[in-house]
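Take a look at the structure set out below.
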Amino acid sequence: MANFIDRRLNAKGKSTVNRQRFINRYKQQIKKAVSDAVTRRSVTDVDKGEKISIPTRDISEPQFHQGKGGIKDRVHPGNDQFTRGDKIDRPPAGSGGGSGKGDASNSGEGDDDFVFDISKDEYLELLFEDLELPNLQKNRLNKLVEYQIYRAGFTNDGVPANINIVRSLRSSLARRIAMSAGKKKRLKELEQELAKLEDIPGTKAELILDLKAQIEELKQKIARVPFIDTFDLRFNNFSKREIPSSQAVMFCLMDVSGSMDQATKEMAKRFYILLYLFLTRTYKNLEVVYIRHHTQAKEVDEHEFFYSQETGGTIVSSALKLMHEIQQVRYPANEWNIYAAQASDGDNWADDSPTCKQLLEQKILPLVRYYSYIEITNRAHQTLWYEYESLQRQYANIAVQHIRQAEDIYPVFRELFKKQAV
């Protein structure tokens with residue numbers, strides 16, 4: 001067996017080449033593990049790194065080895081049970097006689113004990129990959145900054161997919177010239193001197209043999225200069241560039257009424273923490289306005305939004321009215337991209353739900369780029385859901401989603417903020 005060892009040095013502050021290659025190779029499996037992990041976490045641990053397990057069948061590596069050569073004759077013993085074409089039954093469960101400590105799977109496959117850690121940045125990058133704020137338009141280019149990947153010259157380390165062949169060969173040529181130019185010049189001089197001595201009759205054989213030995217030694221030194229070395233490798237370098245795109249504001253409206261039990265509030269908080277991490281990681285200087293409501297709505301800061309214990313009855317329109325008032329005063333629609341995300345259990349005064357629809361239809365939806373509503377409940381939908389659902393059929397910039405349990409949060413979040421087709 002031949003072993004290939006990568007001895008390239010890793011740049012400071014960067015993941016190793018093999019680690020990057022590994023994550024790219026098993027990206028689908030890792031993303032699935034990340035999406036499963038985010039639903040199991042507590043609210044305070046949503047943004048931490050993660051331990052990832054990869055199934056055994058997905059981590060096999062190709063190997064180089066010598067083939068079996070030559071001609072060999074073998075004699076195999078016969079049997080008195082099977083003939084050509086017979087099918088062999090699968091061994092019964094538990095009769096494998098294996099010595100492993102784990103429990104065998106009845107489907108014949110399972111997970112290996114291979115577990116590795118991914119960092120917080122790697123975790124969040126996989127968590128929010130392919131997400132964006134829909135319908136973002138360039139109103140004023142003075143606040144919001146997006147990041148674009150661009151070519152930034154060349155680097156001495158990287159993944160094989162980014163190798164620059166022309167630059168690598170050019171570097172190889174320069175190295176070979178630098179290492180062998182002097183030897184080749186000396187070799188030419190010795191060969192000319194040898195040719196002159198051989199033309200002169202009576203030249204001592206010892207002198208000629210000495211020149212030939214020097215020539216042979218120089219040829220061997222020149223031949224030992226490798227055609228390409230890891231030092232020669234050059235990779236295309238990519239970096240992030242800030243691109244001013246537009247300024248935007250996200251309104252977060254959360255129902256904290258008495259009908260929202262602790263489990264429902266935890267799911268709402270989990271959704272908003274995902275939204276907060278996504279916005280702050282993807283968009284620079286984006287403003288977020290937090291509004292909590294029961295019978296009355298109030299603008300609060302980030303800490304109070306997530307941790308305040310205030311509760312009461314339910315009048316959803318109070319939050320919509322306050323949002324509209326704040327937008328009119330601080331965020332003119334001709335200068336800002338306006339977004340809103342609302343979470344509720346759907347419980348509302350029956351006569352207030354038509355008011356909510358009227359406010360959205362007449363004052364809010366004409367101004368916002370995107371309005372997302374999530375209803376967190378296991379009960380049957382009430383009037384608020386049907387009013388919002390009717391608006392979704394009429395307007396393209398409102399999305400309505402239903403969350404029943406914690407496992408639904410991340411899929412719903414991705415569905416709300418997935419990149420739109422161009």
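Quick note on naming: the chains in the structure tokens go A, B, ... in the order shown, residues restart at 1 in each chain, and ligands are numbered from 1 in order of appearance.
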
- Item | Residue neighbourhood Ile403 in chain A, 8 Å, only C-alpha atoms, exclusion window fewer than 2 positions, as an MDAnalysis selection string | chainID A and resid 374:377 401 405:406 408:409 412

- For Ser168 in chain A, the closest of A:Leu233, A:Asp255, A:Asp210, A:Glu189 counting only C-alpha atoms is A:Leu233

- Pairwise distance for CA of Ser308 in chain A and CA of Ser344 in chain A, rounded to one decimal in Å: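 Going from CA of Ser308 in chain A over to CA of Ser344 in chain A covers 16.2 Å.
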
- Pick from A:Ala343, A:Val368, A:Ile398, A:Ile177: nearest to Val225 in chain A, with only C-alpha atoms counted?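 Of A:Ala343, A:Val368, A:Ile398, A:Ile177, the one nearest Val225 in chain A is A:Ile177, counting only C-alpha atoms.
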
- Item | Who sits within 12 Å of Ala263 in chain A, only C-alpha atoms, same chain under 2 positions skipped, as a list in words | Ser42, Val43, Val256, Ser259, Met260, Asp261, Lys265, Glu266, Met267, Ala268, Lys269, Arg270, Asp345, Ile376, Thr377, Asn378, Arg404, Gln405 and Ala406 of chain A

- Please identify all polymer residues within 10 Å of Trp385 in chain A, counting only C-alpha atoms, omitting same-chain residues fewer than 3 positions from it, and present them as a PyMOL selection string. chain A and resi 344-348+353+373-375+380-382+388-391+400-402

- Message: When you look at Ala297 in chain A with a cut-off of 6 Å (counting only C-alpha atoms), what residues show up, excluding the ones that are within fewer than 4 positions of it in the same chain? I need them as a list in words.
- Response: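 These residues fall inside the cut-off: Arg292, His293, Ser318 and Ala319 of chain A.
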
Test item: residues at most 12 Å from Lys298 in chain A, only C-alpha atoms, excluding those fewer than 3 positions along its chain, as a PDB file with all heavy atoms, in the first residue's frame:
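What ended up in part_13.pdb:
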ATOM      1  N   CYS A 252     -39.945  42.598  14.650  1.00  0.00           N
ATOM      2  CA  CYS A 252     -40.236  41.304  15.259  1.00  0.00           C
ATOM      3  C   CYS A 252     -41.407  41.479  16.227  1.00  0.00           C
ATOM      4  O   CYS A 252     -41.277  42.173  17.239  1.00  0.00           O
ATOM      5  CB  CYS A 252     -39.021  40.769  15.997  1.00  0.00           C
ATOM      6  SG  CYS A 252     -37.607  40.420  14.916  1.00  0.00           S
ATOM      7  N   LEU A 253     -42.541  40.860  15.916  1.00  0.00           N
ATOM      8  CA  LEU A 253     -43.755  40.987  16.719  1.00  0.00           C
ATOM      9  C   LEU A 253     -44.041  39.650  17.394  1.00  0.00           C
ATOM     10  O   LEU A 253     -44.222  38.633  16.704  1.00  0.00           O
ATOM     11  CB  LEU A 253     -44.950  41.384  15.847  1.00  0.00           C
ATOM     12  CG  LEU A 253     -45.022  42.809  15.284  1.00  0.00           C
ATOM     13  CD1 LEU A 253     -43.922  43.099  14.278  1.00  0.00           C
ATOM     14  CD2 LEU A 253     -46.374  43.035  14.620  1.00  0.00           C
ATOM     15  N   MET A 254     -44.074  39.624  18.730  1.00  0.00           N
ATOM     16  CA  MET A 254     -44.306  38.373  19.444  1.00  0.00           C
ATOM     17  C   MET A 254     -45.481  38.506  20.407  1.00  0.00           C
ATOM     18  O   MET A 254     -45.557  39.450  21.192  1.00  0.00           O
ATOM     19  CB  MET A 254     -43.052  37.939  20.214  1.00  0.00           C
ATOM     20  CG  MET A 254     -43.220  36.598  20.917  1.00  0.00           C
ATOM     21  SD  MET A 254     -41.661  35.825  21.433  1.00  0.00           S
ATOM     22  CE  MET A 254     -41.053  37.026  22.620  1.00  0.00           C
ATOM     23  N   ASP A 255     -46.368  37.531  20.333  1.00  0.00           N
ATOM     24  CA  ASP A 255     -47.530  37.446  21.224  1.00  0.00           C
ATOM     25  C   ASP A 255     -47.063  36.880  22.559  1.00  0.00           C
ATOM     26  O   ASP A 255     -46.481  35.791  22.622  1.00  0.00           O
ATOM     27  CB  ASP A 255     -48.567  36.529  20.575  1.00  0.00           C
ATOM     28  CG  ASP A 255     -49.844  36.428  21.398  1.00  0.00           C
ATOM     29  OD1 ASP A 255     -49.894  37.001  22.501  1.00  0.00           O
ATOM     30  OD2 ASP A 255     -50.784  35.760  20.929  1.00  0.00           O
ATOM     31  N   VAL A 256     -47.299  37.598  23.661  1.00  0.00           N
ATOM     32  CA  VAL A 256     -46.923  37.109  24.994  1.00  0.00           C
ATOM     33  C   VAL A 256     -48.157  37.044  25.899  1.00  0.00           C
ATOM     34  O   VAL A 256     -48.056  37.180  27.120  1.00  0.00           O
ATOM     35  CB  VAL A 256     -45.839  38.006  25.640  1.00  0.00           C
ATOM     36  CG1 VAL A 256     -44.537  37.882  24.880  1.00  0.00           C
ATOM     37  CG2 VAL A 256     -46.295  39.468  25.711  1.00  0.00           C
ATOM     38  N   VAL A 289     -36.365  45.992  15.190  1.00  0.00           N
ATOM     39  CA  VAL A 289     -37.305  46.597  16.142  1.00  0.00           C
ATOM     40  C   VAL A 289     -38.101  45.469  16.790  1.00  0.00           C
ATOM     41  O   VAL A 289     -38.723  44.646  16.100  1.00  0.00           O
ATOM     42  CB  VAL A 289     -38.263  47.577  15.439  1.00  0.00           C
ATOM     43  CG1 VAL A 289     -39.278  48.142  16.444  1.00  0.00           C
ATOM     44  CG2 VAL A 289     -37.476  48.709  14.788  1.00  0.00           C
ATOM     45  N   TYR A 290     -38.083  45.416  18.132  1.00  0.00           N
ATOM     46  CA  TYR A 290     -38.754  44.352  18.870  1.00  0.00           C
ATOM     47  C   TYR A 290     -40.052  44.889  19.478  1.00  0.00           C
ATOM     48  O   TYR A 290     -40.062  45.913  20.164  1.00  0.00           O
ATOM     49  CB  TYR A 290     -37.858  43.821  19.988  1.00  0.00           C
ATOM     50  CG  TYR A 290     -36.562  43.225  19.490  1.00  0.00           C
ATOM     51  CD1 TYR A 290     -35.376  43.963  19.537  1.00  0.00           C
ATOM     52  CD2 TYR A 290     -36.518  41.936  18.977  1.00  0.00           C
ATOM     53  CE1 TYR A 290     -34.185  43.412  19.090  1.00  0.00           C
ATOM     54  CE2 TYR A 290     -35.338  41.385  18.523  1.00  0.00           C
ATOM     55  CZ  TYR A 290     -34.171  42.127  18.582  1.00  0.00           C
ATOM     56  OH  TYR A 290     -32.992  41.590  18.138  1.00  0.00           O
ATOM     57  N   ILE A 291     -41.148  44.162  19.238  1.00  0.00           N
ATOM     58  CA  ILE A 291     -42.462  44.554  19.771  1.00  0.00           C
ATOM     59  C   ILE A 291     -43.103  43.337  20.433  1.00  0.00           C
ATOM     60  O   ILE A 291     -43.275  42.290  19.806  1.00  0.00           O
ATOM     61  CB  ILE A 291     -43.388  45.094  18.663  1.00  0.00           C
ATOM     62  CG1 ILE A 291     -42.803  46.376  18.048  1.00  0.00           C
ATOM     63  CG2 ILE A 291     -44.791  45.349  19.204  1.00  0.00           C
ATOM     64  CD1 ILE A 291     -43.603  46.920  16.876  1.00  0.00           C
ATOM     65  N   ARG A 292     -43.409  43.476  21.722  1.00  0.00           N
ATOM     66  CA  ARG A 292     -44.168  42.460  22.462  1.00  0.00           C
ATOM     67  C   ARG A 292     -45.593  42.967  22.660  1.00  0.00           C
ATOM     68  O   ARG A 292     -45.814  44.155  22.845  1.00  0.00           O
ATOM     69  CB  ARG A 292     -43.526  42.196  23.839  1.00  0.00           C
ATOM     70  CG  ARG A 292     -42.181  41.510  23.783  1.00  0.00           C
ATOM     71  CD  ARG A 292     -41.479  41.601  25.133  1.00  0.00           C
ATOM     72  NE  ARG A 292     -42.277  41.032  26.212  1.00  0.00           N
ATOM     73  CZ  ARG A 292     -42.128  39.782  26.669  1.00  0.00           C
ATOM     74  NH1 ARG A 292     -41.206  38.995  26.148  1.00  0.00           N
ATOM     75  NH2 ARG A 292     -42.876  39.328  27.659  1.00  0.00           N
ATOM     76  N   HIS A 293     -46.552  42.039  22.627  1.00  0.00           N
ATOM     77  CA  HIS A 293     -47.935  42.501  22.805  1.00  0.00           C
ATOM     78  C   HIS A 293     -48.773  41.452  23.518  1.00  0.00           C
ATOM     79  O   HIS A 293     -48.536  40.248  23.424  1.00  0.00           O
ATOM     80  CB  HIS A 293     -48.560  42.830  21.439  1.00  0.00           C
ATOM     81  CG  HIS A 293     -48.981  41.621  20.647  1.00  0.00           C
ATOM     82  ND1 HIS A 293     -50.212  41.031  20.775  1.00  0.00           N
ATOM     83  CD2 HIS A 293     -48.300  40.878  19.731  1.00  0.00           C
ATOM     84  CE1 HIS A 293     -50.289  39.994  19.962  1.00  0.00           C
ATOM     85  NE2 HIS A 293     -49.152  39.876  19.321  1.00  0.00           N
ATOM     86  N   HIS A 294     -49.763  41.954  24.281  1.00  0.00           N
ATOM     87  CA  HIS A 294     -50.891  41.142  24.763  1.00  0.00           C
ATOM     88  C   HIS A 294     -52.116  41.963  24.422  1.00  0.00           C
ATOM     89  O   HIS A 294     -52.465  42.038  23.242  1.00  0.00           O
ATOM     90  CB  HIS A 294     -50.764  40.799  26.257  1.00  0.00           C
ATOM     91  CG  HIS A 294     -50.165  41.881  27.097  1.00  0.00           C
ATOM     92  ND1 HIS A 294     -50.897  42.945  27.573  1.00  0.00           N
ATOM     93  CD2 HIS A 294     -48.886  42.059  27.526  1.00  0.00           C
ATOM     94  CE1 HIS A 294     -50.124  43.740  28.286  1.00  0.00           C
ATOM     95  NE2 HIS A 294     -48.891  43.232  28.281  1.00  0.00           N
ATOM     96  N   THR A 295     -52.769  42.598  25.381  1.00  0.00           N
ATOM     97  CA  THR A 295     -53.828  43.552  24.999  1.00  0.00           C
ATOM     98  C   THR A 295     -53.225  44.869  24.550  1.00  0.00           C
ATOM     99  O   THR A 295     -53.858  45.634  23.807  1.00  0.00           O
ATOM    100  CB  THR A 295     -54.773  43.803  26.188  1.00  0.00           C
ATOM    101  OG1 THR A 295     -53.990  44.217  27.308  1.00  0.00           O
ATOM    102  CG2 THR A 295     -55.552  42.545  26.527  1.00  0.00           C
ATOM    103  N   ASP A 301     -36.355  46.381  24.162  1.00  0.00           N
ATOM    104  CA  ASP A 301     -35.024  46.065  23.676  1.00  0.00           C
ATOM    105  C   ASP A 301     -34.879  44.550  23.523  1.00  0.00           C
ATOM    106  O   ASP A 301     -35.776  43.770  23.861  1.00  0.00           O
ATOM    107  CB  ASP A 301     -33.943  46.628  24.595  1.00  0.00           C
ATOM    108  CG  ASP A 301     -34.057  46.106  26.028  1.00  0.00           C
ATOM    109  OD1 ASP A 301     -34.691  45.047  26.229  1.00  0.00           O
ATOM    110  OD2 ASP A 301     -33.515  46.748  26.931  1.00  0.00           O
ATOM    111  N   GLU A 304     -35.286  42.408  26.905  1.00  0.00           N
ATOM    112  CA  GLU A 304     -36.667  42.339  27.394  1.00  0.00           C
ATOM    113  C   GLU A 304     -37.537  41.511  26.457  1.00  0.00           C
ATOM    114  O   GLU A 304     -38.448  40.800  26.889  1.00  0.00           O
ATOM    115  CB  GLU A 304     -37.234  43.750  27.556  1.00  0.00           C
ATOM    116  CG  GLU A 304     -38.610  43.764  28.226  1.00  0.00           C
ATOM    117  CD  GLU A 304     -39.119  45.175  28.486  1.00  0.00           C
ATOM    118  OE1 GLU A 304     -38.359  46.135  28.228  1.00  0.00           O
ATOM    119  OE2 GLU A 304     -40.273  45.297  28.937  1.00  0.00           O
ATOM    120  N   PHE A 305     -37.254  41.591  25.159  1.00  0.00           N
ATOM    121  CA  PHE A 305     -38.034  40.836  24.175  1.00  0.00           C
ATOM    122  C   PHE A 305     -37.938  39.337  24.446  1.00  0.00           C
ATOM    123  O   PHE A 305     -38.934  38.611  24.372  1.00  0.00           O
ATOM    124  CB  PHE A 305     -37.520  41.153  22.767  1.00  0.00           C
ATOM    125  CG  PHE A 305     -38.281  40.468  21.666  1.00  0.00           C
ATOM    126  CD1 PHE A 305     -39.496  40.971  21.219  1.00  0.00           C
ATOM    127  CD2 PHE A 305     -37.780  39.320  21.069  1.00  0.00           C
ATOM    128  CE1 PHE A 305     -40.195  40.345  20.197  1.00  0.00           C
ATOM    129  CE2 PHE A 305     -38.464  38.690  20.038  1.00  0.00           C
ATOM    130  CZ  PHE A 305     -39.678  39.199  19.605  1.00  0.00           C
ATOM    131  N   SER A 308     -38.508  38.925  29.198  1.00  0.00           N
ATOM    132  CA  SER A 308     -39.533  39.519  30.054  1.00  0.00           C
ATOM    133  C   SER A 308     -40.650  38.510  30.324  1.00  0.00           C
ATOM    134  O   SER A 308     -40.998  37.698  29.463  1.00  0.00           O
ATOM    135  CB  SER A 308     -40.103  40.776  29.403  1.00  0.00           C
ATOM    136  OG  SER A 308     -41.164  41.286  30.184  1.00  0.00           O
ATOM    137  N   GLU A 310     -43.810  39.425  31.288  1.00  0.00           N
ATOM    138  CA  GLU A 310     -45.093  40.123  31.229  1.00  0.00           C
ATOM    139  C   GLU A 310     -46.093  39.339  30.391  1.00  0.00           C
ATOM    140  O   GLU A 310     -45.745  38.750  29.372  1.00  0.00           O
ATOM    141  CB  GLU A 310     -44.873  41.517  30.627  1.00  0.00           C
ATOM    142  CG  GLU A 310     -46.122  42.383  30.647  1.00  0.00           C
ATOM    143  CD  GLU A 310     -45.850  43.760  30.053  1.00  0.00           C
ATOM    144  OE1 GLU A 310     -44.719  43.996  29.595  1.00  0.00           O
ATOM    145  OE2 GLU A 310     -46.782  44.579  30.026  1.00  0.00           O
ATOM    146  N   THR A 311     -47.370  39.329  30.801  1.00  0.00           N
ATOM    147  CA  THR A 311     -48.399  38.595  30.078  1.00  0.00           C
ATOM    148  C   THR A 311     -49.734  39.320  30.233  1.00  0.00           C
ATOM    149  O   THR A 311     -49.837  40.336  30.929  1.00  0.00           O
ATOM    150  CB  THR A 311     -48.490  37.138  30.576  1.00  0.00           C
ATOM    151  OG1 THR A 311     -49.409  36.422  29.756  1.00  0.00           O
ATOM    152  CG2 THR A 311     -48.955  37.086  32.018  1.00  0.00           C
ATOM    153  N   VAL A 316     -54.196  41.404  18.905  1.00  0.00           N
ATOM    154  CA  VAL A 316     -53.071  41.386  17.976  1.00  0.00           C
ATOM    155  C   VAL A 316     -52.948  42.711  17.223  1.00  0.00           C
ATOM    156  O   VAL A 316     -51.841  43.160  16.907  1.00  0.00           O
ATOM    157  CB  VAL A 316     -53.222  40.211  16.985  1.00  0.00           C
ATOM    158  CG1 VAL A 316     -52.124  40.240  15.929  1.00  0.00           C
ATOM    159  CG2 VAL A 316     -53.209  38.885  17.728  1.00  0.00           C
ATOM    160  N   SER A 318     -53.047  45.598  18.219  1.00  0.00           N
ATOM    161  CA  SER A 318     -52.253  46.607  18.920  1.00  0.00           C
ATOM    162  C   SER A 318     -50.806  46.584  18.446  1.00  0.00           C
ATOM    163  O   SER A 318     -50.161  47.635  18.310  1.00  0.00           O
ATOM    164  CB  SER A 318     -52.315  46.366  20.436  1.00  0.00           C
ATOM    165  OG  SER A 318     -51.738  45.093  20.762  1.00  0.00           O
ATOM    166  N   ALA A 319     -50.261  45.387  18.165  1.00  0.00           N
ATOM    167  CA  ALA A 319     -48.881  45.285  17.679  1.00  0.00           C
ATOM    168  C   ALA A 319     -48.761  45.821  16.257  1.00  0.00           C
ATOM    169  O   ALA A 319     -47.776  46.485  15.918  1.00  0.00           O
ATOM    170  CB  ALA A 319     -48.416  43.834  17.737  1.00  0.00           C
ATOM    171  N   LEU A 320     -49.758  45.549  15.418  1.00  0.00           N
ATOM    172  CA  LEU A 320     -49.718  46.030  14.041  1.00  0.00           C
ATOM    173  C   LEU A 320     -49.811  47.559  13.991  1.00  0.00           C
ATOM    174  O   LEU A 320     -49.123  48.209  13.192  1.00  0.00           O
ATOM    175  CB  LEU A 320     -50.857  45.398  13.230  1.00  0.00           C
ATOM    176  CG  LEU A 320     -50.830  43.868  13.127  1.00  0.00           C
ATOM    177  CD1 LEU A 320     -52.039  43.370  12.335  1.00  0.00           C
ATOM    178  CD2 LEU A 320     -49.542  43.388  12.473  1.00  0.00           C
ATOM    179  N   LYS A 321     -50.651  48.124  14.857  1.00  0.00           N
ATOM    180  CA  LYS A 321     -50.768  49.595  14.900  1.00  0.00           C
ATOM    181  C   LYS A 321     -49.451  50.229  15.349  1.00  0.00           C
ATOM    182  O   LYS A 321     -49.007  51.227  14.751  1.00  0.00           O
ATOM    183  CB  LYS A 321     -51.899  49.999  15.845  1.00  0.00           C
ATOM    184  CG  LYS A 321     -53.290  49.667  15.338  1.00  0.00           C
ATOM    185  CD  LYS A 321     -54.350  50.015  16.376  1.00  0.00           C
ATOM    186  CE  LYS A 321     -55.743  49.639  15.893  1.00  0.00           C
ATOM    187  NZ  LYS A 321     -56.790  49.897  16.922  1.00  0.00           N
ATOM    188  N   LEU A 322     -48.824  49.657  16.390  1.00  0.00           N
ATOM    189  CA  LEU A 322     -47.563  50.226  16.867  1.00  0.00           C
ATOM    190  C   LEU A 322     -46.469  50.087  15.811  1.00  0.00           C
ATOM    191  O   LEU A 322     -45.672  51.014  15.613  1.00  0.00           O
ATOM    192  CB  LEU A 322     -47.138  49.515  18.160  1.00  0.00           C
ATOM    193  CG  LEU A 322     -45.817  49.991  18.782  1.00  0.00           C
ATOM    194  CD1 LEU A 322     -45.883  51.489  19.093  1.00  0.00           C
ATOM    195  CD2 LEU A 322     -45.486  49.188  20.035  1.00  0.00           C
ATOM    196  N   MET A 323     -46.434  48.970  15.141  1.00  0.00           N
ATOM    197  CA  MET A 323     -45.444  48.790  14.071  1.00  0.00           C
ATOM    198  C   MET A 323     -45.612  49.862  12.987  1.00  0.00           C
ATOM    199  O   MET A 323     -44.634  50.465  12.537  1.00  0.00           O
ATOM    200  CB  MET A 323     -45.590  47.401  13.448  1.00  0.00           C
ATOM    201  CG  MET A 323     -44.738  47.209  12.201  1.00  0.00           C
ATOM    202  SD  MET A 323     -45.104  45.667  11.330  1.00  0.00           S
ATOM    203  CE  MET A 323     -44.360  46.043   9.718  1.00  0.00           C
ATOM    204  N   GLU A 325     -46.999  52.824  13.264  1.00  0.00           N
ATOM    205  CA  GLU A 325     -46.629  54.146  13.798  1.00  0.00           C
ATOM    206  C   GLU A 325     -45.111  54.325  13.797  1.00  0.00           C
ATOM    207  O   GLU A 325     -44.593  55.381  13.398  1.00  0.00           O
ATOM    208  CB  GLU A 325     -47.185  54.304  15.223  1.00  0.00           C
ATOM    209  CG  GLU A 325     -48.705  54.390  15.282  1.00  0.00           C
ATOM    210  CD  GLU A 325     -49.228  54.315  16.704  1.00  0.00           C
ATOM    211  OE1 GLU A 325     -48.382  54.258  17.641  1.00  0.00           O
ATOM    212  OE2 GLU A 325     -50.465  54.292  16.897  1.00  0.00           O
ATOM    213  N   ILE A 326     -44.370  53.307  14.264  1.00  0.00           N
ATOM    214  CA  ILE A 326     -42.905  53.398  14.291  1.00  0.00           C
ATOM    215  C   ILE A 326     -42.349  53.512  12.884  1.00  0.00           C
ATOM    216  O   ILE A 326     -41.439  54.304  12.617  1.00  0.00           O
ATOM    217  CB  ILE A 326     -42.317  52.163  15.010  1.00  0.00           C
ATOM    218  CG1 ILE A 326     -42.724  52.157  16.484  1.00  0.00           C
ATOM    219  CG2 ILE A 326     -40.793  52.140  14.873  1.00  0.00           C
ATOM    220  CD1 ILE A 326     -42.342  50.886  17.218  1.00  0.00           C
TER     221      ILE A 326
END
